[in-house]
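Here is start-v8.txt, consisting of compact mmCIF, C-alpha atoms:
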# COMPACT_ATOMS: atom_id res chain seq x y z
CA MET A 1 57.07 44.06 42.29
CA GLN A 2 60.77 43.77 41.38
CA ARG A 3 62.23 40.63 39.86
CA THR A 4 65.80 39.53 39.25
CA THR A 5 66.43 38.33 35.70
CA LYS A 6 69.04 35.90 34.41
CA THR A 7 69.36 34.90 30.75
CA PHE A 8 71.08 31.90 29.19
CA THR A 9 70.99 29.87 25.98
CA VAL A 10 70.42 26.16 25.44
CA ASP A 11 71.36 23.96 22.47
CA ASN A 12 68.39 21.58 22.45
CA ILE A 13 65.24 23.52 23.30
CA ALA A 14 62.89 20.53 23.01
CA LYS A 15 64.98 18.58 25.50
CA PHE A 16 65.20 21.58 27.85
CA LYS A 17 61.40 22.00 27.79
CA ALA A 18 60.97 18.38 28.85
CA GLN A 19 63.65 18.68 31.54
CA ILE A 20 62.32 21.88 33.10
CA LEU A 21 58.74 20.56 33.20
CA LEU A 22 59.95 17.39 34.91
CA TRP A 23 62.00 19.52 37.37
CA ALA A 24 58.87 21.60 38.16
CA GLN A 25 56.96 18.58 39.48
CA GLN A 26 58.53 19.08 42.91
CA PHE A 27 56.29 22.14 43.41
CA GLU A 28 52.63 22.13 44.45
CA THR A 29 51.72 24.87 41.95
CA VAL A 30 52.88 24.63 38.33
CA LEU A 31 51.62 26.30 35.16
CA TRP A 32 53.32 25.52 31.85
CA LEU A 33 52.26 27.22 28.60
CA ASP A 34 53.72 25.93 25.33
CA SER A 35 53.21 27.30 21.81
CA ASN A 36 55.02 24.27 20.36
CA ASN A 37 56.91 26.77 18.17
CA TYR A 38 53.69 27.27 16.23
CA LYS A 39 54.34 30.31 14.05
CA GLN A 40 51.60 32.83 14.53
CA GLN A 41 51.33 36.58 14.26
CA TYR A 42 50.54 37.23 17.92
CA SER A 43 53.02 34.94 19.69
CA SER A 44 54.93 36.28 22.72
CA PHE A 45 57.14 33.29 23.55
CA ASP A 46 57.70 29.64 22.67
CA GLY A 47 57.17 28.41 26.21
CA CYS A 48 56.62 29.74 29.73
CA LEU A 49 56.83 28.08 33.14
CA ALA A 50 55.47 29.62 36.36
CA VAL A 51 56.05 27.76 39.64
CA GLU A 52 55.54 28.16 43.37
CA GLU A 53 53.00 30.61 44.81
CA PHE A 54 54.14 33.80 46.47
CA THR A 55 50.59 35.20 46.67
CA SER A 56 47.36 33.87 45.19
CA ILE A 57 43.60 34.30 44.89
CA LYS A 58 41.13 31.40 44.85
CA THR A 59 37.42 32.09 44.89
CA ASP A 60 33.96 31.04 43.74
CA TYR A 61 32.14 32.95 41.00
CA PHE A 62 30.50 35.55 43.30
CA ASN A 63 32.13 38.95 42.54
CA ALA A 64 34.97 36.96 40.95
CA PHE A 65 35.96 39.60 38.40
CA GLU A 66 35.93 42.37 40.99
CA LYS A 67 38.17 40.30 43.27
CA LEU A 68 40.49 39.54 40.34
CA LYS A 69 40.63 43.23 39.41
CA GLU A 70 41.66 44.12 42.96
CA TYR A 71 44.28 41.36 43.08
CA GLN A 72 45.77 42.20 39.67
CA THR A 73 45.81 45.95 40.40
CA ILE A 74 47.51 45.58 43.78
CA THR A 75 50.01 42.91 42.67
CA LYS A 76 51.26 44.72 39.53
CA ASP A 77 53.31 41.65 38.67
CA TYR A 78 53.04 38.56 36.52
CA ILE A 79 50.06 36.51 37.67
CA PHE A 80 49.03 33.18 36.14
CA GLY A 81 45.82 31.20 36.47
CA TYR A 82 42.39 30.44 35.15
CA ILE A 83 38.79 31.57 34.97
CA SER A 84 36.33 28.66 34.86
CA TYR A 85 33.28 28.68 32.61
CA ASP A 86 31.00 29.00 35.64
CA VAL A 87 32.22 32.52 36.34
CA LYS A 88 29.50 33.28 33.77
CA ASN A 89 27.30 33.40 36.87
CA ASP A 90 29.16 36.54 37.95
CA VAL A 91 28.65 38.19 34.54
CA GLU A 92 24.96 37.34 34.09
CA ARG A 93 22.10 36.13 36.30
CA LEU A 94 22.84 32.47 35.65
CA SER A 95 23.53 29.37 37.73
CA SER A 96 25.34 26.01 37.56
CA HIS A 97 23.71 23.00 39.21
CA ASN A 98 24.95 20.08 37.13
CA PHE A 99 27.17 17.28 38.41
CA ASP A 100 30.80 18.16 39.19
CA GLY A 101 33.27 15.34 39.72
CA LEU A 102 36.40 17.53 39.74
CA ASP A 103 35.86 20.33 42.32
CA PHE A 104 38.07 23.00 40.77
CA ALA A 105 37.68 26.47 42.25
CA ASP A 106 35.79 28.86 39.96
CA LEU A 107 38.72 31.27 39.68
CA TYR A 108 42.39 30.93 40.63
CA PHE A 109 45.47 33.09 40.01
CA PHE A 110 48.90 33.08 41.60
CA GLN A 111 51.99 35.27 41.65
CA PRO A 112 54.88 32.88 40.92
CA GLN A 113 58.17 32.99 42.77
CA LYS A 114 59.98 31.58 39.73
CA LEU A 115 59.34 32.28 36.04
CA PHE A 116 60.96 30.93 32.88
CA PHE A 117 60.33 32.42 29.43
CA ILE A 118 61.63 30.50 26.41
CA LYS A 119 62.05 32.19 23.03
CA ASP A 120 64.02 30.46 20.27
CA ASN A 121 67.11 29.13 22.12
CA THR A 122 67.10 31.76 24.86
CA VAL A 123 65.78 31.16 28.38
CA GLU A 124 64.99 34.10 30.63
CA PHE A 125 64.73 33.19 34.30
CA GLN A 126 62.96 35.65 36.62
CA TYR A 127 62.42 35.49 40.37
CA LEU A 128 61.16 37.86 43.04
CA LYS A 129 63.92 39.89 44.69
CA MET A 130 62.33 39.56 48.11
CA VAL A 131 62.86 35.78 48.01
CA ASP A 132 66.48 35.90 46.77
CA ASN A 133 67.70 33.73 49.61
CA GLU A 134 65.10 31.04 48.83
CA ILE A 135 65.95 30.68 45.14
CA ASP A 136 67.91 27.51 44.60
CA VAL A 137 67.64 26.88 40.85
CA ASP A 138 70.68 25.00 39.57
CA PHE A 139 70.59 25.12 35.77
CA GLU A 140 73.35 22.55 35.43
CA GLU A 141 71.23 20.15 37.46
CA ILE A 142 68.17 20.83 35.26
CA ASN A 143 70.23 20.15 32.15
CA LYS A 144 71.37 16.81 33.61
CA ILE A 145 67.82 15.52 34.19
CA ASP A 146 67.22 12.30 32.28
CA CYS A 147 63.81 13.08 30.82
CA HIS A 148 63.45 10.79 27.81
CA ILE A 149 61.62 12.80 25.18
CA GLU A 150 59.76 9.60 24.28
CA LEU A 151 57.92 9.52 27.58
CA VAL A 152 55.21 7.11 26.43
CA GLU A 153 55.24 3.42 25.68
CA VAL A 154 52.49 2.99 23.08
CA ASN A 155 52.24 -0.70 23.91
CA SER A 156 51.34 -0.02 27.55
CA LYS A 157 47.62 0.04 28.33
CA ASN A 158 45.54 1.52 31.12
CA ASN A 159 42.76 -0.76 32.26
CA PHE A 160 40.20 1.79 33.42
CA LYS A 161 36.92 2.22 31.56
CA ILE A 162 35.92 5.53 29.97
CA LYS A 163 32.19 6.18 30.28
CA LEU A 164 29.82 8.58 28.54
CA ARG A 165 27.74 10.97 30.62
CA ILE A 166 25.32 11.29 27.67
CA HIS A 167 24.79 8.23 25.47
CA LYS A 168 24.28 8.41 21.73
CA ASP A 169 20.46 8.23 21.60
CA GLU A 170 20.14 10.76 24.40
CA TYR A 171 22.64 13.02 22.63
CA HIS A 172 20.50 12.95 19.49
CA SER A 173 17.42 13.79 21.55
CA LYS A 174 19.14 16.73 23.24
CA VAL A 175 20.47 18.11 19.95
CA ASN A 176 16.94 17.95 18.55
CA LYS A 177 15.79 20.03 21.54
CA VAL A 178 18.44 22.62 20.67
CA LEU A 179 17.14 22.60 17.09
CA GLU A 180 13.62 23.21 18.38
CA HIS A 181 14.89 26.29 20.24
CA ILE A 182 16.52 27.49 17.01
CA LYS A 183 13.30 26.98 15.01
CA ARG A 184 11.36 28.95 17.64
CA GLY A 185 13.85 31.81 17.35
CA ASP A 186 15.15 31.53 20.96
CA ILE A 187 18.72 31.23 19.63
CA TYR A 188 20.46 30.73 16.31
CA GLU A 189 23.47 28.76 17.57
CA ALA A 190 24.42 26.84 20.73
CA ASN A 191 27.61 25.01 21.70
CA PHE A 192 26.35 21.78 23.25
CA CYS A 193 28.91 19.70 25.19
CA GLN A 194 29.16 16.23 26.65
CA GLU A 195 31.52 14.62 29.17
CA PHE A 196 33.56 11.41 28.99
CA TYR A 197 34.88 10.25 32.36
CA ALA A 198 36.56 7.52 34.41
CA GLU A 199 36.02 6.89 38.12
CA ASN A 200 38.36 5.30 40.66
CA SER A 201 41.18 5.67 38.16
CA THR A 202 44.71 7.02 38.31
CA ILE A 203 47.08 8.39 35.68
CA ASN A 204 50.55 9.87 35.53
CA PRO A 205 49.56 13.48 34.66
CA LEU A 206 52.91 14.53 33.23
CA LYS A 207 53.21 11.49 30.97
CA VAL A 208 49.65 11.89 29.76
CA TYR A 209 50.25 15.58 29.05
CA ASN A 210 53.46 14.87 27.16
CA HIS A 211 51.77 12.20 25.07
CA LEU A 212 48.78 14.45 24.31
CA ASN A 213 51.07 17.32 23.38
CA GLU A 214 53.27 15.09 21.24
CA ILE A 215 50.41 13.87 19.05
CA SER A 216 48.68 17.28 18.85
CA THR A 217 51.40 20.00 19.12
CA PRO A 218 48.85 22.82 19.50
CA PRO A 219 49.74 26.52 19.94
CA PHE A 220 48.09 26.85 23.36
CA ALA A 221 49.16 23.69 25.19
CA THR A 222 48.86 23.86 28.98
CA PHE A 223 49.99 21.78 31.94
CA LEU A 224 48.47 23.01 35.20
CA LYS A 225 49.10 21.42 38.59
CA MET A 226 47.46 22.66 41.78
CA GLU A 227 48.32 20.15 44.48
CA HIS A 228 46.06 17.18 43.51
CA GLN A 229 44.23 18.85 40.62
CA TYR A 230 45.50 18.88 37.03
CA LEU A 231 44.66 20.33 33.64
CA LEU A 232 46.35 18.64 30.65
CA SER A 233 45.40 20.69 27.61
CA ALA A 234 46.08 20.54 23.87
CA SER A 235 44.08 23.65 23.07
CA PRO A 236 44.41 25.13 19.58
CA GLU A 237 42.35 28.23 20.41
CA ARG A 238 43.12 31.69 21.73
CA TYR A 239 40.33 33.39 23.67
CA LEU A 240 41.72 36.89 24.12
CA LYS A 241 45.06 38.70 24.08
CA LYS A 242 45.95 42.27 25.01
CA GLU A 243 49.04 43.92 23.50
CA GLY A 244 49.17 47.52 24.66
CA ASN A 245 45.85 48.98 23.55
CA LYS A 246 45.14 46.25 21.00
CA ILE A 247 42.76 43.38 21.81
CA ILE A 248 42.88 40.17 19.75
CA SER A 249 40.29 37.38 19.71
CA GLN A 250 40.64 34.25 17.55
CA PRO A 251 37.51 32.09 17.71
CA ILE A 252 37.45 28.61 16.21
CA LYS A 253 34.35 27.17 14.58
CA GLY A 254 34.63 24.49 11.90
CA THR A 255 36.47 21.15 12.16
CA ALA A 256 37.57 18.46 9.70
CA LYS A 257 39.72 15.36 10.22
CA ARG A 258 43.25 14.98 8.85
CA LEU A 259 43.86 12.34 6.19
CA ILE A 260 47.01 10.35 5.40
CA SER A 261 47.02 11.11 1.66
CA LYS A 262 48.34 14.62 1.00
CA ILE A 263 45.94 15.05 -1.91
CA ASP A 264 42.91 13.88 0.10
CA ASP A 265 44.02 15.95 3.10
CA ALA A 266 44.33 19.11 0.99
CA LYS A 267 40.90 18.46 -0.50
CA ILE A 268 39.18 18.03 2.88
CA ALA A 269 40.79 21.28 4.07
CA SER A 270 39.59 23.05 0.94
CA ASP A 271 36.11 21.57 1.39
CA LEU A 272 36.05 22.85 4.99
CA GLU A 273 36.92 26.36 3.85
CA ARG A 274 33.96 26.35 1.42
CA ASP A 275 31.48 24.48 3.65
CA ILE A 276 28.40 26.70 4.01
CA LYS A 277 27.34 25.29 7.40
CA GLU A 278 30.84 25.53 8.91
CA ARG A 279 31.33 29.08 7.59
CA SER A 280 27.95 30.14 8.94
CA GLU A 281 28.90 28.78 12.41
CA ASN A 282 32.13 30.76 12.30
CA VAL A 283 30.54 33.98 11.02
CA MET A 284 27.85 33.86 13.74
CA ILE A 285 30.52 33.71 16.43
CA VAL A 286 32.59 36.42 14.72
CA ASP A 287 29.54 38.69 14.91
CA LEU A 288 29.15 37.84 18.60
CA VAL A 289 32.85 38.56 19.26
CA ARG A 290 32.62 41.88 17.39
CA ASN A 291 29.68 42.82 19.60
CA ASP A 292 31.52 41.79 22.78
CA LEU A 293 34.68 43.70 21.86
CA SER A 294 32.65 46.81 21.00
CA LYS A 295 31.69 47.16 24.69
CA THR A 296 35.21 48.37 25.55
CA ALA A 297 36.54 49.39 22.12
CA LYS A 298 37.22 52.86 20.77
CA MET A 299 34.57 53.89 18.26
CA GLY A 300 35.12 52.24 14.88
CA SER A 301 38.15 50.19 15.98
CA VAL A 302 36.58 46.70 15.85
CA LYS A 303 37.83 44.93 12.73
CA VAL A 304 37.93 41.39 11.32
CA GLU A 305 41.56 40.82 10.30
CA GLU A 306 40.99 37.29 9.04
CA LEU A 307 37.70 35.51 8.33
CA CYS A 308 37.20 31.73 8.18
CA LYS A 309 40.80 30.78 7.40
CA VAL A 310 41.60 27.06 7.69
CA TYR A 311 44.65 26.11 9.77
CA SER A 312 45.98 22.56 9.96
CA PHE A 313 47.01 20.83 13.18
CA LYS A 314 48.22 17.26 13.67
CA GLN A 315 44.78 15.86 14.51
CA VAL A 316 42.35 18.18 12.70
CA HIS A 317 41.87 21.11 10.34
CA GLN A 318 40.27 24.12 12.05
CA MET A 319 38.52 27.22 10.72
CA ILE A 320 39.78 30.29 12.61
CA SER A 321 38.91 33.98 12.42
CA THR A 322 40.79 36.92 13.94
CA VAL A 323 38.87 39.89 15.36
CA VAL A 324 40.68 42.90 16.84
CA SER A 325 39.83 46.16 18.57
CA GLU A 326 41.54 49.10 20.25
CA ILE A 327 40.82 50.24 23.80
CA ASP A 328 41.42 53.46 25.67
CA ASP A 329 44.37 53.86 28.05
CA LYS A 330 41.94 54.14 30.97
CA THR A 331 40.19 50.82 30.25
CA HIS A 332 41.07 48.23 32.89
CA PRO A 333 42.23 44.87 31.45
CA ILE A 334 39.82 42.95 33.69
CA ASP A 335 36.92 44.93 32.22
CA VAL A 336 37.84 43.65 28.74
CA LEU A 337 37.77 40.06 29.99
CA GLN A 338 34.55 40.50 31.94
CA SER A 339 32.70 42.09 29.02
CA THR A 340 33.58 39.22 26.68
CA PHE A 341 33.32 36.24 29.06
CA PRO A 342 32.58 33.41 28.46
CA MET A 343 33.96 33.22 24.93
CA GLY A 344 31.33 33.04 22.20
CA SER A 345 32.84 29.97 20.56
CA MET A 346 31.86 27.93 23.65
CA THR A 347 28.40 29.39 24.27
CA GLY A 348 26.38 30.30 21.18
CA ALA A 349 24.28 33.27 20.19
CA PRO A 350 22.55 35.19 21.54
CA LYS A 351 24.95 34.38 24.33
CA VAL A 352 22.75 34.54 27.46
CA SER A 353 19.86 32.59 25.90
CA ALA A 354 22.28 29.95 24.61
CA MET A 355 23.93 29.58 28.04
CA LYS A 356 20.55 29.02 29.72
CA ILE A 357 19.56 26.37 27.20
CA ILE A 358 22.83 24.42 27.29
CA GLU A 359 22.86 24.55 31.12
CA ASN A 360 19.49 22.77 31.11
CA LEU A 361 20.48 20.18 28.52
CA GLU A 362 24.05 19.33 29.57
CA GLU A 363 24.58 16.78 32.34
CA THR A 364 27.91 18.03 33.72
CA LYS A 365 29.06 21.30 35.24
CA ARG A 366 31.68 22.57 32.79
CA GLY A 367 33.99 24.05 35.41
CA LEU A 368 37.44 24.64 33.95
CA TYR A 369 36.45 23.03 30.64
CA SER A 370 35.53 25.84 28.19
CA GLY A 371 36.95 28.34 30.64
CA THR A 372 40.32 29.97 30.08
CA VAL A 373 43.93 29.72 31.28
CA GLY A 374 46.55 32.42 30.88
CA TYR A 375 48.49 35.25 32.46
CA PHE A 376 48.80 38.99 33.07
CA THR A 377 52.04 40.92 32.68
CA PRO A 378 53.07 43.66 35.15
CA ASN A 379 51.88 46.37 32.72
CA GLY A 380 48.40 44.83 32.33
CA ASP A 381 48.80 42.95 29.05
CA PHE A 382 47.38 39.43 29.00
CA ASP A 383 46.95 36.30 26.91
CA PHE A 384 44.33 33.57 27.49
CA ASN A 385 43.45 30.34 25.71
CA VAL A 386 40.18 28.42 25.48
CA VAL A 387 40.20 25.23 27.56
CA ILE A 388 39.22 22.62 24.97
CA ARG A 389 40.85 19.33 23.84
CA SER A 390 41.75 18.92 27.51
CA ILE A 391 41.91 16.25 30.21
CA LEU A 392 41.01 17.25 33.76
CA TYR A 393 42.11 15.09 36.67
CA ASN A 394 41.51 15.10 40.42
CA ASP A 395 44.08 12.75 41.92
CA GLU A 396 42.44 12.87 45.36
CA LYS A 397 39.06 11.78 44.00
CA LYS A 398 40.63 9.52 41.31
CA TYR A 399 38.36 11.15 38.75
CA ILE A 400 39.33 11.74 35.12
CA SER A 401 37.25 13.86 32.76
CA TYR A 402 37.34 15.24 29.25
CA SER A 403 34.51 17.01 27.43
CA VAL A 404 33.83 17.90 23.83
CA GLY A 405 31.18 19.94 22.10
CA GLY A 406 30.01 21.33 18.82
CA ALA A 407 28.06 24.26 17.46
CA ILE A 408 24.43 23.39 16.74
CA THR A 409 22.81 25.51 14.03
CA ALA A 410 19.64 25.19 11.95
CA LYS A 411 21.57 23.07 9.41
CA SER A 412 22.93 20.64 12.02
CA ILE A 413 22.33 16.91 11.65
CA PRO A 414 22.51 15.14 15.07
CA GLU A 415 24.43 12.13 13.69
CA LYS A 416 27.10 14.33 12.10
CA GLU A 417 27.39 16.45 15.24
CA TYR A 418 27.94 13.27 17.26
CA GLU A 419 30.65 12.12 14.83
CA GLU A 420 32.39 15.50 15.16
CA CYS A 421 32.39 15.12 18.96
CA LEU A 422 34.02 11.69 18.66
CA LEU A 423 36.64 13.18 16.31
CA LYS A 424 37.48 15.90 18.83
CA ALA A 425 37.61 13.34 21.66
CA LYS A 426 39.84 10.90 19.77
CA ALA A 427 43.22 12.25 20.93
CA MET A 428 42.23 12.44 24.63
CA LYS A 429 40.83 8.91 24.64
CA PHE A 430 43.90 7.55 22.87
CA VAL A 431 46.44 9.03 25.29
CA LEU A 432 44.44 8.01 28.36
CA LEU A 433 44.27 4.41 27.22
CA ASN A 434 47.86 4.27 25.93
CA SER A 435 49.90 6.16 28.53
CA GLU A 436 51.53 4.49 31.49
Show the structure stored in the file as structure tokens.
Amino acid sequence: MQRTTKTFTVDNIAKFKAQILLWAQQFETVLWLDSNNYKQQYSSFDGCLAVEEFTSIKTDYFNAFEKLKEYQTITKDYIFGYISYDVKNDVERLSSHNFDGLDFADLYFFQPQKLFFIKDNTVEFQYLKMVDNEIDVDFEEINKIDCHIELVEVNSKNNFKIKLRIHKDEYHSKVNKVLEHIKRGDIYEANFCQEFYAENSTINPLKVYNHLNEISTPPFATFLKMEHQYLLSASPERYLKKEGNKIISQPIKGTAKRLISKIDDAKIASDLERDIKERSENVMIVDLVRNDLSKTAKMGSVKVEELCKVYSFKQVHQMISTVVSEIDDKTHPIDVLQSTFPMGSMTGAPKVSAMKIIENLEETKRGLYSGTVGYFTPNGDFDFNVVIRSILYNDEKKYISYSVGGAITAKSIPEKEYEECLLKAKAMKFVLLNSE
């Protein structure tokens, strides 16, 4: 599929990002990916905006990967979208029967009419040649948009009530059930999640996203709009990236809060790096990822480039590992995704047993939470995040949701796991209650 490309430079890239995202709100379909200029080895761009469907695929989990493979193969163009956690039911003989207040489709991808790639101070605008006469982007008009980088009044308050789907005592009881499974040898780690939600409530999605992004500045921030459904994500985690024949996975396991004192903050980061429990969580998932990647990798190509390194973000310190592999030219990109989905950092190990246990203990269908958002290039490369630290919103149903979870291992203490969940939920709760 041929695209016309135009390139231009801008003086204030932060202002332009805010302006172009505000301009995009006129469209029913919007996907914005922002690295927040986070310097990392495997970064492709600083920001990317895809708007307006030309073609699309929206389906439930049944044969979802096969349908995606057909769509991606035929399109041979940039396609953007998501795979929800519940597409696990296409990979294994599993099911999802928990409550769902959001109603996102299980899988959705679209071929955008308009694309913007931002790298440093350069903007590359691409659009489909076959819709030349419909393209009406006026860059001077975008640059004139009054966007106000400070989009949030901290003094303003929302009056809706955020509820817990699982209350504290019940959470402790459920974690103890996970620990019983671990003691019996059914699993050795499970990522157990809980939902926070608000009913009959409305938000301004763009303002909430901007506020969340401002206080978190993560490398895999996402704003997704599909008519009345929204994902507002401050994800720090990459699920999977393909660069040519190289596959990169960067699971996160291990979290510590940031502190105001530089000395205390450095100490808590150092303590996290040496924490036996946190390292064991991370190493278990690294082993799972190595096993998943080996299903499509060339013999002997699976390697751990970085193990249990602590990275610091605005809200938390995170322990991240990098696992890579090499695939054959004939390996289809969808097969790499299917053989590793869902990501081990959000399931546990062994993966299938962990997924069955957490499905029985969790009260909410995960849906897009702990799924993945990303894109394919025309040559079959891809990059996908992990949907965590995210707010999901259905404007039609007036339903707001955010979920958090943690890895339960034999050394887990229910009270500490609960505190870690509240730490992870802190930023989402704050922006929901303090954004206009």
Problem set entry | From A:Phe116, A:Tyr311, A:Phe160, A:Phe62, residue lying nearest A:Lys253 [only C-alpha atoms] |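 Among the listed residues, A:Tyr311 lies closest to A:Lys253.
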For this session: Tell me, in Å to one decimal, how far atom CA of A:Ser249 is from atom CA of A:Glu362.
Result: 26.2 Å
For this session: Between atom CA of A:Gln194 and atom CA of A:Asn176, measure the distance and give it in Å to one decimal.
Result: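 Between atom CA of A:Gln194 and atom CA of A:Asn176 the gap works out to 14.8 Å.
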Problem set entry | Test item: residues at most 7 Å from A:Tyr78, all atoms listed in the file, excluding those fewer than 2 positions along its chain, as a PyMOL selection string | chain A and resi 80+111+375-378
Residues of stretch 165-216 of chain A that have any atom at most 12 Å from an atom of stretch 88-106 of chain A: could you tabulate them with the shortest-distance atom pair and the distance in Å to one decimal, using all atoms listed in the file, ordered by chain and increasing number, as a tab-separated table?
residue	atom	partner	partner_atom	distance
A:Arg165	CA	A:Phe99	CA	10.0
A:Gln194	CA	A:Asn98	CA	11.9
A:Glu195	CA	A:Phe99	CA	10.6
A:Phe196	CA	A:Gly101	CA	11.4
A:Tyr197	CA	A:Gly101	CA	9.1
A:Ala198	CA	A:Gly101	CA	10.0
A:Glu199	CA	A:Gly101	CA	9.0
A:Asn200	CA	A:Gly101	CA	11.3
For this session: Excluding stretch 321-324 of chain A and any residue of its chain fewer than 2 positions from it, enumerate the residues within 6 Å of it, using only C-alpha atoms, and give them as a list in words.
Result: Ile247, Ile248, Ser249, Gln250, Pro251, Val302, Lys303, Val304, Glu305, Glu306, Leu307 and Cys308 of chain A
Seminar exercise, completed: Closest of A:Asn36, A:Asp264, A:Ala64, A:Met343 to A:Val286, counting all atoms listed in the file, is A:Met343
For this session: Within 12 Å of A:Gly344, counting only C-alpha atoms, which residues show up once you throw out same-chain ones fewer than 2 positions away? Write them as a PyMOL selection string, please.
Result: chain A and resi 85+88+189-191+238-240+249-253+281-293+339-342+346-352+354-355+370-371+386+407
